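This report concerns only the one structure given below.
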Amino acid sequence: MADTKVIRLNPRSKNITEGKSRAPNRSMYYAMGYEEGDFKKPMVGVANGHSTITPCNSGLQKLADAAIAGIEEAGGNAQVFGTPTISDGMAMGTEGMKYSLVSREVIADCVETCVQGQWMDGVVVIGGCDKNMPGGLMGMLRANVPAIYVYGGTILPGHYKGKDLNIVSVFEAVGENAAGRMTDEDLLQIERRAIPGTGSCGGMYTANTMSSAFEALGISLPYSSTMANPHDEKVNSARESARVLVEAIKRDIKPRDIVTHRSIENAVAVIMAIGGSTNAVLHFLAIAHAAGVEWTIDDFERVRQKTPVLCDLKPSGQYLAVDLHRAGGIPQVMKMLLVAGLLHGDCITITGQTIAEVLKDVPDAPRADQDVIRPIGNPMYRQGHLAILKGNLSPEGCVAKITGLKNPVMTGPARVFDDEQSALAAILAGKIVAGDVMVLRYLGPKGGPGMPEMLAPTGALIGAGLGESVGLITDGRFSGGTWGMVVGHVAPEAAVGGTIAFIHEGDSITIDSRQLKLELNVSEAEIAKRRAAWTAPKPRYTRGVQAKFAFNASTASKGAVLDNF
Ligand SMILES: CC(C)(O)[C@@H](O)C(=O)O
Ligand SMILES: [Mg+2]
């Protein structure tokens with residue numbers, strides 16, 4: 001039967017292209033080569049994250065070109081605009097890292113501003129480094145026009161002495177070298193060989209975690225999130241994404257139809273199953289906020305308790321994202337979760353199909369010739385690895401990453417640092433010993449400001465062989481490359497007078513990821529005394545983007561968003 005519903009393909013752009021009064025607007029389009037017939041076509045944005053700042057984004061132009069071609073083949077007008085990026089790998093360990101989370105907001109604002117200001121009918125968002133994904137999706141959700149996310153793709157591994165390398169190998173090598181466990185020559189060779197080309201950091205770090213979660217959400221194409229940037233299939237997938245988006249415009253499938261409570265539950269289940277980054281907790285709180293979905297920090301714990309870690313991936317495991325791709329990718333992981341009743345099959349995807357339809361032909365169990373994805377009956381861990389701890393140190397909740405640990409429980413003396421650099425220096429100088437609990441504070445959304453990632457100290461601890469025996473708690477964030485006895489996003493943060501501000505050197509601290517507790521073993525009366533004597537630090541920044549971020553950011557347990565009024 002013929003479909004009688006007449007769907008306009010330019011329901012939004014007609015606001016600036018139709019009618020006599022819009023003659024000046026059309027003049028500007030004619031200046032760019034538009035012809036009369038083009039004003040009936042959808043105007044489709046391409047938010048291009050290409051940048052020569054970082055290998056994560058320096059391979060995106062070919063994807064943007066493919067998306068433009070795909071949009072035009074499908075009968076749309078492509079409108080390209082830029083989004084910025086910060087390289088976490090480069091900014092790490094410096095004041096620049098405080099701009100990383102800020103960039104999530106800037107990217108979201110860019111996408112929302114261009115899509116809304118120009119009345120675009122749809123948008124393809126293309127990104128690489130960590131914040132490109134949540135920032136892009138937050139912008140897509142705020143504008144809520146048909147939209148698809150195209151991930152730039154993972155990096156390929158480097159090689160040295162028979163081992164696969166990636167960026168985290170270099171952070172860990174710094175610690176190994178400082179601890180006298182690696183020669184200068186090996187450190188130099190690892191530095192030179194770790195990253196052989198373009199793409200995002202290759203383990204199941206933040207970028208690959210977020211792209212995988214987007215596939216699970218249904219806002220990116222199946223299999224696209226684990227493809228490598230240098231491979232042609234990534235370009236083909238970008239072109240296909242654009243075509244799929246033009247179809248979604250015809251069917252009026254919008255991001256808020258796709259990103260719902262149920263699909264976020266799916267995404268979080270996949271994040272647990274792949275052993276993904278702690279940042280996913282912060283970013284999904286922010287994504288849910290942008291989607292208008294009620295999703296709290298406790299929802300992560302609820303999903304964690306029923307979801308096994310299925311994949312043996314770095315940082316604590318063996319394999320890289322390219323290995324996961326070869327083993328069947330995210331669809332294989334999703335199908336196993338679906339069969340186990342841990343995924344909602346009825347969620348709609350950008351293709352118009354439900355998750356269950358997309359996964360129809362994927363085998364129920366993983367292939368026997370690989371061990372990247374373990375069978376559901378023999379998982380890496382029976383429960384997820386991102387545990388939400390509470391206690392007097394973090395009444396709002398914080399995030400512990402417990403993969404790779406034999407025993408995620410410890411009590412030890414606090415070693416307190418009010419910045420990251422002195423903490424790193426103490427590790428490299430051999431001043432931190434097994435049993436210590438490092439406290440890195442005044443690094444939260446308002447205090448940092450901008451919640452920097454602590455990969456330099458956590459990488460150095462791993463390299464020094466102290467990853468399991470030294471605890472590290474912070475109101476800052478961690479890299480996806482971090483593992484060990486680590487607890488981040490401690491909230492409320494030190495800068496607003498959270499209990500973490502009142503820890504003294506040598507105080508006893510308990511991290512108990514079994515009982516889900518983070519406790520300062522000091523009497524309530526003593527904590528109250530310290531609180532009364534405390535004064536808030538002066539803001540580090542009083543002008544510019546950092547000052548705006550520090551002033552507006554919500555607490556980490558609510559995603560550190562800037563529009564939570
Ligand atoms: C540099 C890294 C490893 O990419 C980090 O930024 C992450 O969060 O994963
Ligand atoms: Mg990062």
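For the structure tokens, the naming scheme is as follows: chains receive sequential letters (A, B, ...) according to their order of presentation, residues are indexed from 1 within each chain, and ligands are indexed from 1 in presentation order.
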Please give me, as a list in words, the residues lying within 9 Å of ligand 2 when counting only C-alpha atoms and all ligand atoms.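 My answer, listing the contacting residues, is Ser87, Asp88, Gly89, Met92, Ser100, Leu101, Cys129, Asp130, Lys131, Tyr205, Thr206, Ala207, Ser277, Asn279, Pro452, Glu453, Leu455, Arg477, Phe478, Ser479, Gly480 and Gly481 of chain A.
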Save the residues we just selected, N, CA and C atoms, as a PDB file, in the first residue's frame?
```pdb
ATOM      1  N   SER A  87      43.258  17.458  23.276  1.00  0.00           N
ATOM      2  CA  SER A  87      43.830  16.120  23.353  1.00  0.00           C
ATOM      3  C   SER A  87      44.151  15.793  24.807  1.00  0.00           C
ATOM      4  N   ASP A  88      43.399  14.858  25.364  1.00  0.00           N
ATOM      5  CA  ASP A  88      43.677  14.457  26.748  1.00  0.00           C
ATOM      6  C   ASP A  88      45.091  13.884  26.870  1.00  0.00           C
ATOM      7  N   GLY A  89      45.483  13.109  25.868  1.00  0.00           N
ATOM      8  CA  GLY A  89      46.798  12.461  25.919  1.00  0.00           C
ATOM      9  C   GLY A  89      47.921  13.487  25.982  1.00  0.00           C
ATOM     10  N   MET A  92      47.385  15.934  29.353  1.00  0.00           N
ATOM     11  CA  MET A  92      47.460  15.159  30.605  1.00  0.00           C
ATOM     12  C   MET A  92      48.623  15.594  31.496  1.00  0.00           C
ATOM     13  N   SER A 100      39.895  20.003  29.355  1.00  0.00           N
ATOM     14  CA  SER A 100      39.361  18.828  28.659  1.00  0.00           C
ATOM     15  C   SER A 100      37.853  18.715  28.851  1.00  0.00           C
ATOM     16  N   LEU A 101      37.395  18.681  30.097  1.00  0.00           N
ATOM     17  CA  LEU A 101      35.946  18.554  30.326  1.00  0.00           C
ATOM     18  C   LEU A 101      35.212  19.805  29.854  1.00  0.00           C
ATOM     19  N   CYS A 129      38.448  12.412  19.858  1.00  0.00           N
ATOM     20  CA  CYS A 129      38.937  12.334  21.237  1.00  0.00           C
ATOM     21  C   CYS A 129      37.764  12.326  22.226  1.00  0.00           C
ATOM     22  N   ASP A 130      38.068  11.922  23.448  1.00  0.00           N
ATOM     23  CA  ASP A 130      37.054  11.571  24.453  1.00  0.00           C
ATOM     24  C   ASP A 130      35.818  12.463  24.513  1.00  0.00           C
ATOM     25  N   LYS A 131      36.036  13.782  24.709  1.00  0.00           N
ATOM     26  CA  LYS A 131      34.904  14.683  24.959  1.00  0.00           C
ATOM     27  C   LYS A 131      34.089  14.956  23.711  1.00  0.00           C
ATOM     28  N   TYR A 205      39.538   2.627  26.390  1.00  0.00           N
ATOM     29  CA  TYR A 205      39.693   3.868  27.136  1.00  0.00           C
ATOM     30  C   TYR A 205      38.434   4.718  26.880  1.00  0.00           C
ATOM     31  N   THR A 206      38.526   6.011  27.210  1.00  0.00           N
ATOM     32  CA  THR A 206      37.281   6.783  27.194  1.00  0.00           C
ATOM     33  C   THR A 206      36.663   6.911  25.792  1.00  0.00           C
ATOM     34  N   ALA A 207      37.481   7.214  24.791  1.00  0.00           N
ATOM     35  CA  ALA A 207      36.906   7.429  23.461  1.00  0.00           C
ATOM     36  C   ALA A 207      36.235   6.149  22.955  1.00  0.00           C
ATOM     37  N   SER A 277      35.441   2.979  30.586  1.00  0.00           N
ATOM     38  CA  SER A 277      36.043   4.073  31.370  1.00  0.00           C
ATOM     39  C   SER A 277      35.112   4.633  32.440  1.00  0.00           C
ATOM     40  N   ASN A 279      34.874   7.611  33.078  1.00  0.00           N
ATOM     41  CA  ASN A 279      34.283   8.840  32.528  1.00  0.00           C
ATOM     42  C   ASN A 279      32.874   8.609  32.004  1.00  0.00           C
ATOM     43  N   PRO A 452      40.328  17.550  36.012  1.00  0.00           N
ATOM     44  CA  PRO A 452      41.322  16.882  35.154  1.00  0.00           C
ATOM     45  C   PRO A 452      41.416  15.375  35.425  1.00  0.00           C
ATOM     46  N   GLU A 453      41.981  14.653  34.452  1.00  0.00           N
ATOM     47  CA  GLU A 453      42.187  13.196  34.596  1.00  0.00           C
ATOM     48  C   GLU A 453      43.560  12.932  35.188  1.00  0.00           C
ATOM     49  N   LEU A 455      45.802  10.416  34.888  1.00  0.00           N
ATOM     50  CA  LEU A 455      46.495   9.260  34.305  1.00  0.00           C
ATOM     51  C   LEU A 455      47.987   9.255  34.628  1.00  0.00           C
ATOM     52  N   ARG A 477      38.992  13.371  37.871  1.00  0.00           N
ATOM     53  CA  ARG A 477      38.559  12.225  37.051  1.00  0.00           C
ATOM     54  C   ARG A 477      39.750  11.321  36.795  1.00  0.00           C
ATOM     55  N   PHE A 478      39.461  10.222  36.112  1.00  0.00           N
ATOM     56  CA  PHE A 478      40.519   9.339  35.650  1.00  0.00           C
ATOM     57  C   PHE A 478      40.441   9.217  34.136  1.00  0.00           C
ATOM     58  N   SER A 479      41.563   8.864  33.568  1.00  0.00           N
ATOM     59  CA  SER A 479      41.585   8.469  32.165  1.00  0.00           C
ATOM     60  C   SER A 479      40.906   7.113  32.035  1.00  0.00           C
ATOM     61  N   GLY A 480      40.437   6.817  30.831  1.00  0.00           N
ATOM     62  CA  GLY A 480      39.985   5.452  30.560  1.00  0.00           C
ATOM     63  C   GLY A 480      41.144   4.483  30.676  1.00  0.00           C
ATOM     64  N   GLY A 481      42.374   4.996  30.603  1.00  0.00           N
ATOM     65  CA  GLY A 481      43.568   4.147  30.685  1.00  0.00           C
ATOM     66  C   GLY A 481      43.978   3.837  32.114  1.00  0.00           C
TER      67      GLY A 481
END
```
Show which residues sit within 8 Å of Pro11 (chain A), as number ranges by chain. Count only C-alpha atoms, and ignore same-chain residues fewer than 3 positions away. A: 8, 14-15, 42, 121
Step one, run DSSP on the backbone; step two, keep only residues of region 76-248 of chain A assigned to strand (DSSP E); then write them as a PyMOL selection string. chain A and resi 77-82+122-127+147-151+158-160+163-165
So which one's closest to ligand 1, A:Thr411, A:Gln79, A:Thr482, A:Asn10? Using only C-alpha atoms and all ligand atoms, please.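 The shortest atom-to-atom distance to ligand 1 comes from A:Thr482.
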For each of A:Val106, A:Val259, A:Ala66, A:Ala280, take the minimum atom-to-atom distance to ligand 1, counting only C-alpha atoms and all ligand atoms, then give the residue where this is smallest. A:Ala280
Top pick for closest residue to Gly447 (chain A), considering A:Ile287, A:Val487, A:Leu389, A:Ala536 and counting only C-alpha atoms: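 Ranking A:Ile287, A:Val487, A:Leu389, A:Ala536 by distance to Gly447 (chain A), first place goes to A:Ala536.
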Measuring atom to atom with only C-alpha atoms and all ligand atoms, identify which of A:Ile253, A:Cys201, A:Ile509, A:Leu282 is nearest to ligand 1. A:Cys201
Can you pull out the residues contacting region 301-312 of chain A? Cut-off 9 Å, using only C-alpha atoms, and skip same-chain residues under 4 positions away; I want them as a JSON list (two decimals) with N, CA and C atoms, in the first residue's frame.
```json
[["chain", "number", "residue", "atom", "x", "y", "z"],
["A", 265, "GLU", "N", 20.05, 2.50, 29.79],
["A", 265, "GLU", "CA", 20.31, 1.26, 30.53],
["A", 265, "GLU", "C", 21.09, 0.27, 29.63],
["A", 268, "VAL", "N", 24.72, 1.51, 29.37],
["A", 268, "VAL", "CA", 25.48, 1.28, 30.61],
["A", 268, "VAL", "C", 25.80, -0.21, 30.77],
["A", 269, "ALA", "N", 24.86, -1.07, 30.37],
["A", 269, "ALA", "CA", 25.14, -2.52, 30.42],
["A", 269, "ALA", "C", 26.33, -2.85, 29.52],
["A", 270, "VAL", "N", 26.38, -2.24, 28.34],
["A", 270, "VAL", "CA", 27.51, -2.50, 27.43],
["A", 270, "VAL", "C", 28.80, -1.94, 28.00],
["A", 271, "ILE", "N", 28.73, -0.75, 28.62],
["A", 271, "ILE", "CA", 29.93, -0.17, 29.25],
["A", 271, "ILE", "C", 30.49, -1.13, 30.30],
["A", 272, "MET", "N", 29.61, -1.74, 31.08],
["A", 272, "MET", "CA", 30.06, -2.71, 32.09],
["A", 272, "MET", "C", 30.64, -3.95, 31.38],
["A", 273, "ALA", "N", 29.96, -4.44, 30.39],
["A", 273, "ALA", "CA", 30.39, -5.69, 29.72],
["A", 273, "ALA", "C", 31.74, -5.55, 29.04],
["A", 274, "ILE", "N", 32.07, -4.33, 28.61],
["A", 274, "ILE", "CA", 33.36, -4.14, 27.92],
["A", 274, "ILE", "C", 34.45, -3.63, 28.86],
["A", 275, "GLY", "N", 34.10, -3.39, 30.13],
["A", 275, "GLY", "CA", 35.10, -2.88, 31.09],
["A", 275, "GLY", "C", 35.50, -1.45, 30.79],
["A", 297, "ILE", "N", 23.08, 8.55, 39.63],
["A", 297, "ILE", "CA", 24.33, 7.79, 39.86],
["A", 297, "ILE", "C", 24.01, 6.39, 40.40],
["A", 316, "SER", "N", 43.02, -2.90, 32.15],
["A", 316, "SER", "CA", 43.51, -3.96, 33.03],
["A", 316, "SER", "C", 43.63, -5.29, 32.30],
["A", 317, "GLY", "N", 42.92, -5.44, 31.18],
["A", 317, "GLY", "CA", 42.95, -6.71, 30.46],
["A", 317, "GLY", "C", 44.02, -6.72, 29.37],
["A", 318, "GLN", "N", 43.84, -7.68, 28.43],
["A", 318, "GLN", "CA", 44.90, -7.91, 27.43],
["A", 318, "GLN", "C", 44.74, -7.16, 26.13],
["A", 319, "TYR", "N", 43.47, -7.03, 25.68],
["A", 319, "TYR", "CA", 43.29, -6.69, 24.26],
["A", 319, "TYR", "C", 42.89, -5.24, 24.01],
["A", 320, "LEU", "N", 42.97, -4.89, 22.71],
["A", 320, "LEU", "CA", 42.66, -3.53, 22.25],
["A", 320, "LEU", "C", 41.33, -3.53, 21.48],
["A", 324, "LEU", "N", 38.67, -6.43, 19.66],
["A", 324, "LEU", "CA", 37.23, -6.58, 19.91],
["A", 324, "LEU", "C", 36.46, -6.55, 18.58],
["A", 333, "VAL", "N", 28.64, -8.45, 21.65],
["A", 333, "VAL", "CA", 28.46, -8.24, 23.10],
["A", 333, "VAL", "C", 26.98, -7.97, 23.39],
["A", 337, "LEU", "N", 24.16, -10.06, 25.74],
["A", 337, "LEU", "CA", 23.39, -9.42, 26.82],
["A", 337, "LEU", "C", 21.89, -9.55, 26.56],
["A", 342, "LEU", "N", 19.58, -9.04, 29.59],
["A", 342, "LEU", "CA", 20.20, -7.86, 30.19],
["A", 342, "LEU", "C", 20.17, -6.64, 29.27],
["A", 371, "ASP", "N", 39.42, -15.11, 22.37],
["A", 371, "ASP", "CA", 39.13, -14.98, 23.79],
["A", 371, "ASP", "C", 39.06, -13.52, 24.24],
["A", 372, "VAL", "N", 38.72, -12.66, 23.29],
["A", 372, "VAL", "CA", 38.51, -11.24, 23.62],
["A", 372, "VAL", "C", 37.15, -11.09, 24.29],
["A", 373, "ILE", "N", 36.13, -11.73, 23.70],
["A", 373, "ILE", "CA", 34.79, -11.74, 24.27],
["A", 373, "ILE", "C", 34.58, -13.12, 24.89],
["A", 374, "ARG", "N", 34.39, -13.15, 26.20],
["A", 374, "ARG", "CA", 34.23, -14.44, 26.88],
["A", 374, "ARG", "C", 32.78, -14.87, 26.85],
["A", 375, "PRO", "N", 32.53, -16.19, 26.91],
["A", 375, "PRO", "CA", 31.13, -16.67, 26.96],
["A", 375, "PRO", "C", 30.42, -16.14, 28.20],
["A", 376, "ILE", "N", 29.12, -15.99, 28.12],
["A", 376, "ILE", "CA", 28.37, -15.38, 29.22],
["A", 376, "ILE", "C", 28.51, -16.21, 30.52],
["A", 378, "ASN", "N", 31.20, -17.73, 31.47],
["A", 378, "ASN", "CA", 32.57, -17.69, 31.96],
["A", 378, "ASN", "C", 33.14, -16.27, 31.80],
["A", 379, "PRO", "N", 32.51, -15.30, 32.45],
["A", 379, "PRO", "CA", 32.91, -13.91, 32.22],
["A", 379, "PRO", "C", 34.23, -13.58, 32.90],
["A", 380, "MET", "N", 34.78, -12.42, 32.58],
["A", 380, "MET", "CA", 35.98, -11.92, 33.29],
["A", 380, "MET", "C", 35.63, -11.69, 34.75],
["A", 381, "TYR", "N", 34.48, -11.02, 34.98],
["A", 381, "TYR", "CA", 33.98, -10.75, 36.33],
["A", 381, "TYR", "C", 32.47, -10.94, 36.30],
["A", 382, "ARG", "N", 31.94, -11.46, 37.38],
["A", 382, "ARG", "CA", 30.51, -11.76, 37.42],
["A", 382, "ARG", "C", 29.65, -10.50, 37.44],
["A", 383, "GLN", "N", 30.21, -9.43, 38.03],
["A", 383, "GLN", "CA", 29.49, -8.16, 38.07],
["A", 383, "GLN", "C", 30.34, -7.08, 37.42],
["A", 384, "GLY", "N", 29.68, -5.96, 37.08],
["A", 384, "GLY", "CA", 30.39, -4.86, 36.43],
["A", 384, "GLY", "C", 31.48, -4.27, 37.31],
["A", 385, "HIS", "N", 32.30, -3.44, 36.68],
["A", 385, "HIS", "CA", 33.53, -2.97, 37.32],
["A", 385, "HIS", "C", 33.47, -1.52, 37.78],
["A", 386, "LEU", "N", 32.42, -0.78, 37.44],
["A", 386, "LEU", "CA", 32.34, 0.63, 37.85],
["A", 386, "LEU", "C", 31.37, 0.71, 39.03],
["A", 387, "ALA", "N", 31.94, 0.63, 40.25],
["A", 387, "ALA", "CA", 31.11, 0.57, 41.45],
["A", 387, "ALA", "C", 30.89, 1.97, 42.01],
["A", 388, "ILE", "N", 29.70, 2.22, 42.46],
["A", 388, "ILE", "CA", 29.38, 3.51, 43.08],
["A", 388, "ILE", "C", 29.52, 3.35, 44.60],
["A", 389, "LEU", "N", 30.51, 4.02, 45.16],
["A", 389, "LEU", "CA", 30.75, 3.95, 46.61],
["A", 389, "LEU", "C", 30.16, 5.17, 47.30],
["A", 403, "THR", "N", 38.18, -3.42, 38.04],
["A", 403, "THR", "CA", 38.75, -4.47, 37.18],
["A", 403, "THR", "C", 40.24, -4.63, 37.45]]
```
Quick one: distance from CA of Ala238 (chain A) to CA of Gly70 (chain A) in Å, one decimal?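 Answer for the CA of Ala238 (chain A) to CA of Gly70 (chain A) separation: 7.9 Å.
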Using only C-alpha atoms and all ligand atoms, which of the listed residues (A:Ala74, A:Met454, A:Ile350, A:Leu187) sits closest to ligand 1?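 Of all the options, A:Met454 lies closest to ligand 1.
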Pick from A:Ile258, A:Ile16, A:Val244, A:Leu424 nearest to Met43 (chain A), counting only C-alpha atoms: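 Answer, going by the shortest atom-to-atom distance: A:Ile16.
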Where does region 58-128 of chain A meet region 218-231 of chain A within 12 Å, residue by residue, with the nearest atom pair and distance in Å to one decimal for each, counting only C-alpha atoms, listed by chain and rising number, as a tab-separated table?
```
residue	atom	partner	partner_atom	distance
A:Ser58	CA	A:Asn229	CA	9.7
A:Gly59	CA	A:Asn229	CA	6.6
A:Leu60	CA	A:Asn229	CA	8.1
A:Gln61	CA	A:Asn229	CA	11.0
A:Lys62	CA	A:Asn229	CA	9.8
A:Leu63	CA	A:Asn229	CA	9.1
A:Val123	CA	A:Ile219	CA	11.8
A:Val124	CA	A:Ser220	CA	10.0
A:Val125	CA	A:Ser220	CA	10.0
A:Ile126	CA	A:Ser220	CA	10.5
A:Gly127	CA	A:Asn229	CA	11.3
A:Gly128	CA	A:Asn229	CA	9.4
```
Can I get the selection written as a compact mmCIF listing (two decimals), in the first residue's frame, with N, CA and C atoms?
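Generated output (part-v7.txt):
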```txt
# COMPACT_ATOMS: atom_id res chain seq x y z
N SER A 58 42.92 13.85 13.70
CA SER A 58 43.58 14.23 12.46
C SER A 58 43.22 13.29 11.30
N GLY A 59 42.43 12.26 11.59
CA GLY A 59 41.95 11.39 10.50
C GLY A 59 40.46 11.56 10.24
N LEU A 60 39.91 12.71 10.62
CA LEU A 60 38.45 12.87 10.49
C LEU A 60 38.02 13.50 9.17
N GLN A 61 38.94 14.22 8.50
CA GLN A 61 38.49 14.94 7.29
C GLN A 61 37.91 13.98 6.24
N LYS A 62 38.56 12.82 6.07
CA LYS A 62 38.08 11.86 5.07
C LYS A 62 36.67 11.37 5.44
N LEU A 63 36.38 11.33 6.74
CA LEU A 63 35.03 10.90 7.16
C LEU A 63 34.02 12.01 6.90
N VAL A 123 21.63 16.48 11.43
CA VAL A 123 23.07 16.71 11.60
C VAL A 123 23.83 15.39 11.78
N VAL A 124 24.98 15.32 11.10
CA VAL A 124 25.94 14.22 11.30
C VAL A 124 27.05 14.80 12.17
N VAL A 125 27.29 14.22 13.32
CA VAL A 125 28.35 14.74 14.18
C VAL A 125 29.53 13.76 14.14
N ILE A 126 30.71 14.30 13.85
CA ILE A 126 31.90 13.46 13.67
C ILE A 126 32.95 13.86 14.71
N GLY A 127 33.43 12.89 15.48
CA GLY A 127 34.42 13.24 16.50
C GLY A 127 35.37 12.10 16.80
N GLY A 128 36.45 12.43 17.53
CA GLY A 128 37.47 11.43 17.83
C GLY A 128 37.83 11.36 19.30
```
Contacts of Ile195 (chain A) within 9 Å, only C-alpha atoms, excl. fewer than 4 positions in-chain, as a ChimeraX atom specification: /A:55,155-159,165-167,191,201-202
Write to file, as an mmCIF file, in the first residue's frame, the residues of the selection just made, with C-alpha atoms.
```cif
data_model
loop_
_atom_site.group_PDB
_atom_site.id
_atom_site.type_symbol
_atom_site.label_atom_id
_atom_site.label_comp_id
_atom_site.auth_asym_id
_atom_site.auth_seq_id
_atom_site.Cartn_x
_atom_site.Cartn_y
_atom_site.Cartn_z
ATOM 1 C CA PRO A 55 45.866 11.864 16.135
ATOM 2 C CA ILE A 155 44.071 3.809 16.546
ATOM 3 C CA LEU A 156 46.016 0.691 15.491
ATOM 4 C CA PRO A 157 48.536 -0.776 17.946
ATOM 5 C CA GLY A 158 52.225 0.077 17.953
ATOM 6 C CA HIS A 159 54.769 -2.711 18.515
ATOM 7 C CA LEU A 165 51.647 -0.738 22.443
ATOM 8 C CA ASN A 166 49.261 2.156 22.909
ATOM 9 C CA ILE A 167 49.409 5.558 24.601
ATOM 10 C CA GLU A 191 57.622 6.646 23.183
ATOM 11 C CA CYS A 201 43.613 5.780 22.004
ATOM 12 C CA GLY A 202 43.449 2.064 21.336
#
```
What does the structure give for the distance between CA of Ser241 (chain A) and CA of Val358 (chain A), in Å to one decimal?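 Straight-line distance from CA of Ser241 (chain A) to CA of Val358 (chain A) works out to 14.8 Å.
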When DSSP is applied to the backbone of this structure, which of region 34-256 of chain A are assigned alpha helix (DSSP H)? Write them out as an MDAnalysis selection string. chainID A and resid 61:73 88:91 100:117 132:143 167:178 184:193 206:217 232:251 255:256
Give me the residues within 7 Å of region 390-400 of chain A as an MDAnalysis selection string, counting only C-alpha atoms and dropping any in the same chain fewer than 5 places off. chainID A and resid 278 486:492 499:500 516:520 557
